[in-house]
file start.pdb (PDB, C-alpha atoms)
MODEL        1
ATOM      1  CA  MET D   1      74.693 107.507  85.000  1.00  0.00           C
ATOM      2  CA  LYS D   2      78.087 105.827  85.113  1.00  0.00           C
ATOM      3  CA  THR D   3      81.062 108.174  85.202  1.00  0.00           C
ATOM      4  CA  ASP D   4      83.530 108.052  82.304  1.00  0.00           C
ATOM      5  CA  THR D   5      86.701 107.808  84.384  1.00  0.00           C
ATOM      6  CA  GLU D   6      88.971 108.377  81.378  1.00  0.00           C
ATOM      7  CA  VAL D   7      87.338 111.737  80.700  1.00  0.00           C
ATOM      8  CA  LEU D   8      87.286 112.656  84.383  1.00  0.00           C
ATOM      9  CA  THR D   9      90.969 111.881  84.937  1.00  0.00           C
ATOM     10  CA  ALA D  10      91.985 113.707  81.760  1.00  0.00           C
ATOM     11  CA  ASP D  11      90.028 116.754  82.930  1.00  0.00           C
ATOM     12  CA  MET D  12      91.662 116.586  86.360  1.00  0.00           C
ATOM     13  CA  MET D  13      95.150 116.399  84.862  1.00  0.00           C
ATOM     14  CA  ARG D  14      94.454 119.349  82.586  1.00  0.00           C
ATOM     15  CA  PHE D  15      92.979 121.295  85.495  1.00  0.00           C
ATOM     16  CA  ALA D  16      96.135 120.578  87.486  1.00  0.00           C
ATOM     17  CA  SER D  17      98.260 122.109  84.732  1.00  0.00           C
ATOM     18  CA  LEU D  18      96.104 125.248  84.821  1.00  0.00           C
ATOM     19  CA  LEU D  19      96.454 125.404  88.597  1.00  0.00           C
ATOM     20  CA  ARG D  20     100.231 125.407  88.177  1.00  0.00           C
ATOM     21  CA  HIS D  21      99.868 128.464  85.931  1.00  0.00           C
ATOM     22  CA  MET D  22      98.152 130.084  88.913  1.00  0.00           C
ATOM     23  CA  ASN D  23     100.934 129.105  91.350  1.00  0.00           C
ATOM     24  CA  LEU D  24      98.678 126.603  93.119  1.00  0.00           C
ATOM     25  CA  SER D  25     101.126 123.718  92.904  1.00  0.00           C
ATOM     26  CA  VAL D  26     100.003 122.007  96.129  1.00  0.00           C
ATOM     27  CA  VAL D  27      96.380 121.764  94.973  1.00  0.00           C
ATOM     28  CA  ALA D  28      97.561 120.784  91.491  1.00  0.00           C
ATOM     29  CA  LEU D  29      99.570 117.908  92.941  1.00  0.00           C
ATOM     30  CA  LYS D  30      96.492 116.615  94.788  1.00  0.00           C
ATOM     31  CA  TYR D  31      94.418 116.690  91.593  1.00  0.00           C
ATOM     32  CA  GLU D  32      97.165 114.789  89.765  1.00  0.00           C
ATOM     33  CA  SER D  33      97.591 112.161  92.473  1.00  0.00           C
ATOM     34  CA  LEU D  34      93.838 111.522  92.666  1.00  0.00           C
ATOM     35  CA  ALA D  35      93.615 111.292  88.878  1.00  0.00           C
ATOM     36  CA  ARG D  36      96.438 108.732  88.747  1.00  0.00           C
ATOM     37  CA  ALA D  37      94.868 106.715  91.556  1.00  0.00           C
ATOM     38  CA  LEU D  38      91.559 106.682  89.689  1.00  0.00           C
ATOM     39  CA  GLN D  39      93.299 105.559  86.501  1.00  0.00           C
ATOM     40  CA  THR D  40      94.830 102.676  88.432  1.00  0.00           C
ATOM     41  CA  GLU D  41      91.592 101.708  90.225  1.00  0.00           C
ATOM     42  CA  PRO D  42      88.519 103.036  88.355  1.00  0.00           C
ATOM     43  CA  SER D  43      86.009 101.459  90.750  1.00  0.00           C
ATOM     44  CA  GLU D  44      82.765 102.982  92.010  1.00  0.00           C
ATOM     45  CA  GLU D  45      84.361 103.463  95.415  1.00  0.00           C
ATOM     46  CA  SER D  46      87.280 105.362  93.855  1.00  0.00           C
ATOM     47  CA  VAL D  47      84.904 107.549  91.857  1.00  0.00           C
ATOM     48  CA  GLU D  48      82.994 108.471  95.010  1.00  0.00           C
ATOM     49  CA  GLU D  49      86.225 109.179  96.880  1.00  0.00           C
ATOM     50  CA  VAL D  50      87.195 111.620  94.103  1.00  0.00           C
ATOM     51  CA  ARG D  51      83.712 113.146  94.199  1.00  0.00           C
ATOM     52  CA  LEU D  52      84.040 113.734  97.941  1.00  0.00           C
ATOM     53  CA  TRP D  53      87.421 115.416  97.630  1.00  0.00           C
ATOM     54  CA  LEU D  54      86.376 117.570  94.670  1.00  0.00           C
ATOM     55  CA  ARG D  55      83.343 118.737  96.627  1.00  0.00           C
ATOM     56  CA  SER D  56      85.597 119.994  99.414  1.00  0.00           C
ATOM     57  CA  SER D  57      88.061 121.612  96.993  1.00  0.00           C
ATOM     58  CA  LEU D  58      85.334 123.519  95.143  1.00  0.00           C
ATOM     59  CA  LYS D  59      83.850 125.252  98.176  1.00  0.00           C
ATOM     60  CA  GLY D  60      83.163 128.886  97.400  1.00  0.00           C
ATOM     61  CA  GLY D  61      84.221 132.066  99.101  1.00  0.00           C
ATOM     62  CA  SER D  62      87.024 134.564  98.902  1.00  0.00           C
ATOM     63  CA  GLY D  63      90.224 132.971  97.622  1.00  0.00           C
ATOM     64  CA  SER D  64      88.478 129.758  96.567  1.00  0.00           C
ATOM     65  CA  LEU D  65      89.087 128.128  93.191  1.00  0.00           C
ATOM     66  CA  SER D  66      85.883 129.679  91.827  1.00  0.00           C
ATOM     67  CA  ASP D  67      87.175 133.096  92.909  1.00  0.00           C
ATOM     68  CA  ARG D  68      90.392 132.885  90.879  1.00  0.00           C
ATOM     69  CA  TYR D  69      91.478 133.550  87.292  1.00  0.00           C
ATOM     70  CA  VAL D  70      94.220 132.332  84.985  1.00  0.00           C
ATOM     71  CA  GLN D  71      96.444 135.320  84.326  1.00  0.00           C
ATOM     72  CA  LYS D  72      99.267 136.197  81.989  1.00  0.00           C
ATOM     73  CA  ASP D  73     101.422 139.308  82.320  1.00  0.00           C
ATOM     74  CA  GLY D  74      99.098 140.691  84.993  1.00  0.00           C
ATOM     75  CA  ALA D  75      95.920 140.346  82.934  1.00  0.00           C
ATOM     76  CA  VAL D  76      93.317 137.625  82.527  1.00  0.00           C
ATOM     77  CA  ASP D  77      94.332 135.046  79.920  1.00  0.00           C
ATOM     78  CA  GLU D  78      91.012 134.825  78.079  1.00  0.00           C
ATOM     79  CA  VAL D  79      91.716 131.480  76.419  1.00  0.00           C
ATOM     80  CA  LEU D  80      93.113 129.600  79.408  1.00  0.00           C
ATOM     81  CA  ASN D  81      90.629 131.175  81.798  1.00  0.00           C
ATOM     82  CA  ALA D  82      87.702 130.066  79.626  1.00  0.00           C
ATOM     83  CA  GLU D  83      89.067 126.511  79.756  1.00  0.00           C
ATOM     84  CA  TYR D  84      89.525 126.829  83.524  1.00  0.00           C
ATOM     85  CA  GLU D  85      85.930 127.943  84.025  1.00  0.00           C
ATOM     86  CA  GLU D  86      84.631 125.169  81.767  1.00  0.00           C
ATOM     87  CA  LEU D  87      86.460 122.549  83.845  1.00  0.00           C
ATOM     88  CA  LEU D  88      85.190 124.123  87.076  1.00  0.00           C
ATOM     89  CA  GLN D  89      81.647 123.773  85.776  1.00  0.00           C
ATOM     90  CA  LYS D  90      82.218 120.146  84.762  1.00  0.00           C
ATOM     91  CA  PHE D  91      83.565 119.311  88.205  1.00  0.00           C
ATOM     92  CA  THR D  92      80.654 121.137  89.850  1.00  0.00           C
ATOM     93  CA  ASP D  93      78.170 119.100  87.805  1.00  0.00           C
ATOM     94  CA  PHE D  94      80.038 115.934  88.743  1.00  0.00           C
ATOM     95  CA  VAL D  95      80.048 116.568  92.502  1.00  0.00           C
ATOM     96  CA  ASN D  96      76.356 117.526  92.462  1.00  0.00           C
ATOM     97  CA  ALA D  97      75.339 114.362  90.605  1.00  0.00           C
ATOM     98  CA  GLU D  98      73.835 111.420  92.448  1.00  0.00           C
ATOM     99  CA  PRO D  99      76.354 108.783  93.624  1.00  0.00           C
ATOM    100  CA  GLU D 100      76.490 105.744  91.358  1.00  0.00           C
ATOM    101  CA  SER D 101      75.974 103.535  94.378  1.00  0.00           C
ATOM    102  CA  LYS D 102      74.888 104.494  97.878  1.00  0.00           C
ATOM    103  CA  ALA D 103      77.026 101.719  99.315  1.00  0.00           C
ATOM    104  CA  SER D 104      80.024 102.972  97.323  1.00  0.00           C
ATOM    105  CA  ALA D 105      79.440 106.553  98.435  1.00  0.00           C
ATOM    106  CA  ALA D 106      79.324 105.553 102.091  1.00  0.00           C
ATOM    107  CA  ALA D 107      82.408 103.363 101.742  1.00  0.00           C
ATOM    108  CA  ALA D 108      84.315 106.180 100.007  1.00  0.00           C
ATOM    109  CA  MET D 109      83.815 108.460 103.005  1.00  0.00           C
ATOM    110  CA  PHE D 110      85.852 106.033 105.090  1.00  0.00           C
ATOM    111  CA  ALA D 111      88.202 104.732 102.400  1.00  0.00           C
ATOM    112  CA  SER D 112      91.747 103.802 103.424  1.00  0.00           C
ATOM    113  CA  GLY D 113      90.867 103.849 107.098  1.00  0.00           C
ATOM    114  CA  GLY D 114      89.638 107.429 107.078  1.00  0.00           C
ATOM    115  CA  THR D 115      87.905 108.651 110.229  1.00  0.00           C
ATOM    116  CA  TYR D 116      85.953 111.784 111.160  1.00  0.00           C
ATOM    117  CA  PHE D 117      85.532 113.573 114.453  1.00  0.00           C
ATOM    118  CA  ARG D 118      83.942 116.660 115.958  1.00  0.00           C
ATOM    119  CA  LEU D 119      84.108 118.475 119.278  1.00  0.00           C
ATOM    120  CA  ILE D 120      80.726 118.466 120.988  1.00  0.00           C
ATOM    121  CA  GLU D 121      81.457 119.567 124.570  1.00  0.00           C
ATOM    122  CA  THR D 122      84.085 121.589 126.435  1.00  0.00           C
ATOM    123  CA  PRO D 123      84.632 122.229 130.144  1.00  0.00           C
ATOM    124  CA  VAL D 124      82.573 125.089 131.551  1.00  0.00           C
ATOM    125  CA  ARG D 125      84.196 127.515 133.997  1.00  0.00           C
ATOM    126  CA  ASN D 126      82.140 128.774 136.925  1.00  0.00           C
ATOM    127  CA  ARG D 127      82.498 132.012 138.824  1.00  0.00           C
ATOM    128  CA  TRP D 128      85.124 130.455 141.118  1.00  0.00           C
ATOM    129  CA  PHE D 129      87.286 129.751 138.044  1.00  0.00           C
ATOM    130  CA  SER D 130      87.037 126.009 138.395  1.00  0.00           C
ATOM    131  CA  SER D 131      85.971 123.856 135.461  1.00  0.00           C
ATOM    132  CA  LYS D 132      83.114 121.400 135.188  1.00  0.00           C
ATOM    133  CA  GLY D 133      82.881 118.835 132.435  1.00  0.00           C
ATOM    134  CA  THR D 134      85.466 117.673 129.902  1.00  0.00           C
ATOM    135  CA  PHE D 135      86.446 117.864 126.259  1.00  0.00           C
ATOM    136  CA  THR D 136      84.165 115.363 124.539  1.00  0.00           C
ATOM    137  CA  TYR D 137      84.454 114.333 120.909  1.00  0.00           C
ATOM    138  CA  GLU D 138      82.276 112.204 118.653  1.00  0.00           C
ATOM    139  CA  VAL D 139      84.274 109.926 116.368  1.00  0.00           C
ATOM    140  CA  ALA D 140      82.947 108.169 113.240  1.00  0.00           C
ATOM    141  CA  THR D 141      85.031 105.216 112.052  1.00  0.00           C
ATOM    142  CA  ALA D 142      82.617 103.596 109.565  1.00  0.00           C
ATOM    143  CA  PRO D 143      79.148 104.246 108.120  1.00  0.00           C
ATOM    144  CA  GLY D 144      76.806 104.294 111.125  1.00  0.00           C
ATOM    145  CA  VAL D 145      79.582 103.613 113.648  1.00  0.00           C
ATOM    146  CA  THR D 146      80.249 106.455 116.097  1.00  0.00           C
ATOM    147  CA  ARG D 147      81.332 106.774 119.714  1.00  0.00           C
ATOM    148  CA  LEU D 148      82.038 109.470 122.273  1.00  0.00           C
ATOM    149  CA  VAL D 149      85.579 109.861 123.606  1.00  0.00           C
ATOM    150  CA  THR D 150      87.522 112.251 125.816  1.00  0.00           C
ATOM    151  CA  LEU D 151      90.507 114.298 124.671  1.00  0.00           C
ATOM    152  CA  ASP D 152      92.897 111.680 126.078  1.00  0.00           C
ATOM    153  CA  GLN D 153      91.180 108.962 124.030  1.00  0.00           C
ATOM    154  CA  LEU D 154      90.810 110.929 120.809  1.00  0.00           C
ATOM    155  CA  GLY D 155      94.186 110.142 119.226  1.00  0.00           C
ATOM    156  CA  GLN D 156      93.767 106.400 119.584  1.00  0.00           C
ATOM    157  CA  ALA D 157      90.141 106.584 118.418  1.00  0.00           C
ATOM    158  CA  VAL D 158      91.038 108.229 115.094  1.00  0.00           C
ATOM    159  CA  GLY D 159      94.199 106.211 114.519  1.00  0.00           C
ATOM    160  CA  TYR D 160      96.841 108.808 115.352  1.00  0.00           C
ATOM    161  CA  GLY D 161     100.146 107.386 116.546  1.00  0.00           C
ATOM    162  CA  PRO D 162     103.914 108.026 116.688  1.00  0.00           C
ATOM    163  CA  GLN D 163     104.247 107.075 113.016  1.00  0.00           C
ATOM    164  CA  ASN D 164     101.841 109.826 111.920  1.00  0.00           C
ATOM    165  CA  SER D 165     102.428 113.524 111.309  1.00  0.00           C
ATOM    166  CA  ARG D 166     102.100 115.558 114.500  1.00  0.00           C
ATOM    167  CA  LYS D 167     101.518 118.670 112.369  1.00  0.00           C
ATOM    168  CA  ASP D 168      98.520 117.057 110.622  1.00  0.00           C
ATOM    169  CA  TRP D 169      97.125 115.924 113.972  1.00  0.00           C
ATOM    170  CA  GLN D 170      97.441 119.374 115.509  1.00  0.00           C
ATOM    171  CA  GLU D 171      95.842 120.995 112.465  1.00  0.00           C
ATOM    172  CA  CYS D 172      92.861 118.611 112.654  1.00  0.00           C
ATOM    173  CA  ARG D 173      92.298 119.452 116.309  1.00  0.00           C
ATOM    174  CA  MET D 174      92.595 123.181 115.622  1.00  0.00           C
ATOM    175  CA  VAL D 175      89.942 122.901 112.898  1.00  0.00           C
ATOM    176  CA  ALA D 176      87.614 120.987 115.247  1.00  0.00           C
ATOM    177  CA  ASP D 177      88.140 123.635 117.949  1.00  0.00           C
ATOM    178  CA  ARG D 178      87.414 126.448 115.473  1.00  0.00           C
ATOM    179  CA  LEU D 179      84.211 124.782 114.239  1.00  0.00           C
ATOM    180  CA  PHE D 180      83.034 124.426 117.845  1.00  0.00           C
ATOM    181  CA  ARG D 181      83.729 128.094 118.615  1.00  0.00           C
ATOM    182  CA  GLU D 182      81.899 129.160 115.455  1.00  0.00           C
ATOM    183  CA  GLY D 183      78.859 127.116 116.461  1.00  0.00           C
ATOM    184  CA  ARG D 184      79.289 124.717 113.529  1.00  0.00           C
ATOM    185  CA  ARG D 185      78.977 121.637 115.709  1.00  0.00           C
ATOM    186  CA  ASP D 186      77.187 119.678 113.003  1.00  0.00           C
ATOM    187  CA  HIS D 187      80.394 119.553 110.919  1.00  0.00           C
ATOM    188  CA  TRP D 188      83.034 116.834 111.013  1.00  0.00           C
ATOM    189  CA  VAL D 189      86.806 116.989 110.511  1.00  0.00           C
ATOM    190  CA  HIS D 190      88.463 114.276 108.448  1.00  0.00           C
ATOM    191  CA  TYR D 191      91.621 112.827 109.946  1.00  0.00           C
ATOM    192  CA  SER D 192      94.221 113.438 108.647  1.00  0.00           C
ATOM    193  CA  SER D 193      93.400 115.798 105.754  1.00  0.00           C
ATOM    194  CA  SER D 194      91.516 118.351 107.937  1.00  0.00           C
ATOM    195  CA  TYR D 195      88.724 118.517 105.343  1.00  0.00           C
ATOM    196  CA  VAL D 196      85.438 119.673 106.854  1.00  0.00           C
ATOM    197  CA  VAL D 197      82.315 117.643 106.025  1.00  0.00           C
ATOM    198  CA  PRO D 198      78.742 118.659 106.956  1.00  0.00           C
ATOM    199  CA  ASP D 199      76.794 116.157 109.038  1.00  0.00           C
ATOM    200  CA  ASP D 200      74.164 115.565 106.357  1.00  0.00           C
ATOM    201  CA  ALA D 201      76.881 114.711 103.806  1.00  0.00           C
ATOM    202  CA  LEU D 202      78.536 112.215 106.164  1.00  0.00           C
ATOM    203  CA  ARG D 203      75.324 110.523 107.308  1.00  0.00           C
ATOM    204  CA  LYS D 204      73.200 110.648 104.168  1.00  0.00           C
ATOM    205  CA  ASP D 205      73.890 107.028 103.181  1.00  0.00           C
ATOM    206  CA  TRP D 206      73.921 105.496 106.682  1.00  0.00           C
TER     207      TRP D 206
ENDMDL
END
call {"tool": "encode", "arguments": {"input": "start.pdb", "output": "structure tokens"}}
result
Amino acid sequence: MKTDTEVLTADMMRFASLLRHMNLSVVALKYESLARALQTEPSEESVEEVRLWLRSSLKGGSGSLSDRYVQKDGAVDEVLNAEYEELLQKFTDFVNAEPESKASAAAAMFASGGTYFRLIETPVRNRWFSSKGTFTYEVATAPGVTRLVTLDQLGQAVGYGPQNSRKDWQECRMVADRLFREGRRDHWVHYSSSYVVPDDALRKDW
């Protein structure tokens, strides 16, 4: 079923205004910028790019968007909160729907030169406190295109350079390190947003 981009962007803009009521201006700004981009270019690839980002923004857990309420004077604003929950449900239905085009979905994952990487091996210390092995990362630069690189090669492999934000780069690496320590080695980190994507979501259309 083809997505009505006019309805979707209107919902995203309204959701952004509700997020501002909740003092979530950074997330609100991202919803607004994506909505405007979709209005400008309402292609299948743009729709799937929005679907991907919304999926990451709607992840559950403590402090997540689904765990929040619209408040007024310290109490739940019943009217605005009902609208907030309705939009959350609409976005959830949207992200769980089948992509309009498998090719578009795969292309959206790597739109605008986006790349993904994950840490798959670290040096192992022996009882003499020397290390064996190296930091090895897997980098995905296009649907079905991956390669293994060392730490020294990682920046160039994902497209990081002097013109890019060092803070974003460091955050991405920290997320990859944390996923490795937690045993979540089947998850990928998007450079440079730091969004985490499960392996089955990244590879499903390859």
call {"tool": "closest_residue", "arguments": {"input": "start.pdb", "among": "D:Tyr195, D:Tyr116, D:Phe91, D:Tyr69", "to": "D:Ala157", "atoms": "all atoms listed in the file"}}
result
D:Tyr116
call {"tool": "resolve_selection", "arguments": {"input": "start.pdb", "expression": "the PyMOL selection byres ((chain D and resi 18-31) around 12)", "output": "CSV table (one decimal) with C-alpha atoms, keeping the file's coordinate frame"}}
result
chain,number,residue,atom,x,y,z
D,8,LEU,CA,87.3,112.7,84.4
D,9,THR,CA,91.0,111.9,84.9
D,10,ALA,CA,92.0,113.7,81.8
D,11,ASP,CA,90.0,116.8,82.9
D,12,MET,CA,91.7,116.6,86.4
D,13,MET,CA,95.2,116.4,84.9
D,14,ARG,CA,94.5,119.3,82.6
D,15,PHE,CA,93.0,121.3,85.5
D,16,ALA,CA,96.1,120.6,87.5
D,17,SER,CA,98.3,122.1,84.7
D,32,GLU,CA,97.2,114.8,89.8
D,33,SER,CA,97.6,112.2,92.5
D,34,LEU,CA,93.8,111.5,92.7
D,35,ALA,CA,93.6,111.3,88.9
D,36,ARG,CA,96.4,108.7,88.7
D,37,ALA,CA,94.9,106.7,91.6
D,38,LEU,CA,91.6,106.7,89.7
D,50,VAL,CA,87.2,111.6,94.1
D,51,ARG,CA,83.7,113.1,94.2
D,53,TRP,CA,87.4,115.4,97.6
D,54,LEU,CA,86.4,117.6,94.7
D,56,SER,CA,85.6,120.0,99.4
D,57,SER,CA,88.1,121.6,97.0
D,58,LEU,CA,85.3,123.5,95.1
D,63,GLY,CA,90.2,133.0,97.6
D,64,SER,CA,88.5,129.8,96.6
D,65,LEU,CA,89.1,128.1,93.2
D,66,SER,CA,85.9,129.7,91.8
D,68,ARG,CA,90.4,132.9,90.9
D,69,TYR,CA,91.5,133.6,87.3
D,70,VAL,CA,94.2,132.3,85.0
D,71,GLN,CA,96.4,135.3,84.3
D,72,LYS,CA,99.3,136.2,82.0
D,73,ASP,CA,101.4,139.3,82.3
D,74,GLY,CA,99.1,140.7,85.0
D,76,VAL,CA,93.3,137.6,82.5
D,77,ASP,CA,94.3,135.0,79.9
D,79,VAL,CA,91.7,131.5,76.4
D,80,LEU,CA,93.1,129.6,79.4
D,81,ASN,CA,90.6,131.2,81.8
D,82,ALA,CA,87.7,130.1,79.6
D,83,GLU,CA,89.1,126.5,79.8
D,84,TYR,CA,89.5,126.8,83.5
D,85,GLU,CA,85.9,127.9,84.0
D,86,GLU,CA,84.6,125.2,81.8
D,87,LEU,CA,86.5,122.5,83.8
D,88,LEU,CA,85.2,124.1,87.1
D,91,PHE,CA,83.6,119.3,88.2
D,193,SER,CA,93.4,115.8,105.8
call {"tool": "residues_near_point", "arguments": {"input": "start.pdb", "point": "(85.7, 101.3, 89.0)", "cutoff": "12 Å", "atoms": "all atoms listed in the file", "output": "ChimeraX atom specification"}}
result
/D:2-6,37-50,100-101,104
call {"tool": "closest_residue", "arguments": {"input": "start.pdb", "among": "D:Phe117, D:Tyr160, D:Phe94, D:Trp169", "to": "D:Ala140", "atoms": "only C-alpha atoms"}}
result
D:Phe117
call {"tool": "residues_around", "arguments": {"input": "start.pdb", "residues": "D:Gly183", "least_positions_apart": "6", "cutoff": "12 Å", "atoms": "all atoms listed in the file", "output": "short mmCIF file (atom, residue, chain, number, x, y, z; two decimals) with C-alpha atoms, in the frame of the given file"}}
result
data_model
loop_
_atom_site.label_atom_id
_atom_site.label_comp_id
_atom_site.auth_asym_id
_atom_site.auth_seq_id
_atom_site.Cartn_x
_atom_site.Cartn_y
_atom_site.Cartn_z
CA ARG D 118 83.94 116.66 115.96
CA LEU D 119 84.11 118.48 119.28
CA ILE D 120 80.73 118.47 120.99
CA GLU D 121 81.46 119.57 124.57
CA ALA D 176 87.61 120.99 115.25
CA ASP D 177 88.14 123.64 117.95
#
call {"tool": "resolve_selection", "arguments": {"input": "start.pdb", "expression": "the PyMOL selection byres ((chain D and resi 115) around 12)", "output": "MDAnalysis selection string"}}
result
chainID D and resid 107:114 116:118 138:147 154:160 172 188:197 202
call {"tool": "atom_distance", "arguments": {"input": "start.pdb", "atom1": "atom CA of D:Phe135", "atom2": "atom CA of D:Asp200"}}
result
23.5 Å
call {"tool": "residues_near_point", "arguments": {"input": "start.pdb", "point": "(82.3, 114.6, 133.0)", "cutoff": "12 Å", "atoms": "only C-alpha atoms", "output": "list of chain:residue names"}}
result
D:Glu121, D:Thr122, D:Pro123, D:Val124, D:Ser131, D:Lys132, D:Gly133, D:Thr134, D:Phe135, D:Thr136, D:Leu148, D:Val149, D:Thr150, D:Leu151
call {"tool": "decode", "arguments": {"input": "start.pdb", "residues": "stretch 180-188 of chain D", "atoms": "all heavy atoms", "output": "compact mmCIF listing (two decimals), in the first residue's frame"}}
result
# COMPACT_ATOMS: atom_id res chain seq x y z
N PHE D 180 29.75 -4.29 21.53
CA PHE D 180 30.65 -5.45 21.58
C PHE D 180 30.73 -5.98 23.01
O PHE D 180 30.63 -7.19 23.24
CB PHE D 180 32.03 -5.05 21.07
CG PHE D 180 33.01 -6.19 21.01
CD1 PHE D 180 33.09 -6.99 19.88
CD2 PHE D 180 33.85 -6.47 22.09
CE1 PHE D 180 33.99 -8.05 19.82
CE2 PHE D 180 34.74 -7.53 22.04
CZ PHE D 180 34.82 -8.31 20.89
N ARG D 181 30.89 -5.08 23.97
CA ARG D 181 31.00 -5.50 25.38
C ARG D 181 29.72 -6.17 25.86
O ARG D 181 29.76 -7.09 26.68
CB ARG D 181 31.32 -4.30 26.27
CG ARG D 181 32.69 -3.71 26.06
CD ARG D 181 33.05 -2.78 27.22
NE ARG D 181 32.06 -1.74 27.43
CZ ARG D 181 32.07 -0.56 26.84
NH1 ARG D 181 33.05 -0.28 25.98
NH2 ARG D 181 31.14 0.33 27.10
N GLU D 182 28.58 -5.71 25.35
CA GLU D 182 27.30 -6.26 25.77
C GLU D 182 26.97 -7.56 25.05
O GLU D 182 25.94 -8.18 25.31
CB GLU D 182 26.18 -5.24 25.51
CG GLU D 182 26.28 -3.99 26.39
CD GLU D 182 25.24 -2.94 26.03
OE1 GLU D 182 24.54 -3.13 25.00
OE2 GLU D 182 25.14 -1.95 26.76
N GLY D 183 27.83 -7.96 24.11
CA GLY D 183 27.59 -9.19 23.37
C GLY D 183 26.62 -9.01 22.21
O GLY D 183 26.20 -9.99 21.60
N ARG D 184 26.31 -7.78 21.87
CA ARG D 184 25.37 -7.50 20.77
C ARG D 184 26.16 -7.28 19.48
O ARG D 184 26.11 -6.23 18.85
CB ARG D 184 24.50 -6.29 21.10
CG ARG D 184 23.65 -6.49 22.35
CD ARG D 184 23.09 -5.19 22.88
NE ARG D 184 22.23 -4.54 21.90
CZ ARG D 184 21.78 -3.29 22.03
NH1 ARG D 184 22.16 -2.56 23.07
NH2 ARG D 184 20.99 -2.76 21.12
N ARG D 185 26.89 -8.31 19.08
CA ARG D 185 27.79 -8.17 17.94
C ARG D 185 27.09 -8.35 16.60
O ARG D 185 27.74 -8.31 15.55
CB ARG D 185 28.96 -9.15 18.10
CG ARG D 185 29.75 -8.84 19.37
CD ARG D 185 30.72 -9.90 19.77
NE ARG D 185 31.18 -9.67 21.15
CZ ARG D 185 32.00 -10.46 21.80
NH1 ARG D 185 32.48 -11.54 21.21
NH2 ARG D 185 32.34 -10.19 23.06
N ASP D 186 25.78 -8.59 16.65
CA ASP D 186 25.01 -8.68 15.42
C ASP D 186 24.28 -7.36 15.15
O ASP D 186 23.36 -7.31 14.34
CB ASP D 186 23.99 -9.82 15.51
CG ASP D 186 23.04 -9.67 16.69
OD1 ASP D 186 23.35 -8.87 17.60
OD2 ASP D 186 22.00 -10.35 16.71
N HIS D 187 24.70 -6.28 15.82
CA HIS D 187 24.11 -4.96 15.61
C HIS D 187 25.14 -4.05 14.95
O HIS D 187 26.33 -4.15 15.20
CB HIS D 187 23.64 -4.34 16.93
CG HIS D 187 22.37 -4.95 17.46
ND1 HIS D 187 22.27 -6.28 17.77
CD2 HIS D 187 21.16 -4.40 17.73
CE1 HIS D 187 21.04 -6.54 18.21
NE2 HIS D 187 20.36 -5.42 18.20
N TRP D 188 24.63 -3.13 14.13
CA TRP D 188 25.48 -2.21 13.39
C TRP D 188 25.25 -0.78 13.89
O TRP D 188 24.16 -0.44 14.32
CB TRP D 188 25.16 -2.26 11.90
CG TRP D 188 25.35 -3.59 11.24
CD1 TRP D 188 24.53 -4.68 11.33
CD2 TRP D 188 26.42 -3.97 10.38
NE1 TRP D 188 25.02 -5.72 10.59
CE2 TRP D 188 26.18 -5.31 9.99
CE3 TRP D 188 27.56 -3.31 9.91
CZ2 TRP D 188 27.05 -5.99 9.13
CZ3 TRP D 188 28.42 -3.99 9.06
CH2 TRP D 188 28.16 -5.31 8.68
